[in-house]
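Asker: Starting off with a structure, shown below.
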Amino acid sequence: MRKPLVAVVGVVLTLFGLVFALQGFGVLEGSAMSDTVLWSVLGPIIALVGVALIVVGVRGKLR
């Protein structure tokens with residue numbers, strides 16, 4: 001039961017990271033995060049952590 005939960009958390013984190021990155025790059029306007037360098041950097045990092053969690057949840061471990 002633990003591996004599917006890790007994968008679901010990874011999907012959510014990936015989606016958040018993508019939204020944060022799009023806001024940071026100015027694609028999604030209308031928030032305090034829009035056109036901000038901090039979120040342009042942190043968004044992709046958060047998305048990559050989410051992808052890593054998906055891989056761990058699906059495969060069981062990273063190689």
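Ligands are numbered from 1 in the order shown, chains are lettered A, B, ... in the order of the structure tokens, and residues start at 1 in each chain.
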At a cut-off of 7 Å, using only C-alpha atoms, what residues contact Trp39 (chain A)? Leave out same-chain residues fewer than 6 positions from it and give the result as an MDAnalysis selection string.
Answerer: chainID A and resid 20:21 24 33
Asker: Kindly give the distance, in Å, that separates CA of Val37 (chain A) and CA of Gln23 (chain A), rounded to a single decimal.
Answerer: 9.8 Å
Asker: My list of candidates is A:Ala52, A:Leu38, A:Val58, A:Ile45. Which is closest to Leu18 (chain A) when distances are computed with only C-alpha atoms?
Answerer: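 Going through A:Ala52, A:Leu38, A:Val58, A:Ile45 one by one, the smallest distance to Leu18 (chain A) is for A:Ile45.
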Asker: One decimal, Å: what's the distance from CA of Val6 (chain A) over to CA of Gly57 (chain A), could you say?
Answerer: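 CA of Gly57 (chain A) lies at a distance of 5.1 Å from CA of Val6 (chain A).
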Asker: Restricting the calculation to only C-alpha atoms: of A:Thr36, A:Phe16, A:Gly10, A:Pro4, which residue gets closest to Leu53 (chain A)?
Answerer: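 Smallest separation from Leu53 (chain A) among the options: A:Gly10.
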Asker: According to DSSP computed on the backbone, where in region 20-62 of chain A is there alpha helix (DSSP H)? Give the residues as a ChimeraX atom specification.
Answerer: /A:20-24,37-59
Asker: Would you mind telling me which residue in A:Val11, A:Leu22, A:Val27, A:Leu5 lies nearest to Pro44 (chain A) when using only C-alpha atoms?
Answerer: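 So, comparing all the options, the nearest one is A:Leu22.
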Asker: Quote the spacing between CA of Val56 (chain A) and CA of Val19 (chain A) in Å to one decimal place.
Answerer: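 Going from CA of Val56 (chain A) over to CA of Val19 (chain A), I get 22.2 Å.
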Asker: Which residue gives the smallest distance to Val55 (chain A) among A:Ala7, A:Arg2, A:Val41, A:Leu28, with only C-alpha atoms counted?
Answerer: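 Among A:Ala7, A:Arg2, A:Val41, A:Leu28, it is A:Ala7 that comes nearest to Val55 (chain A).
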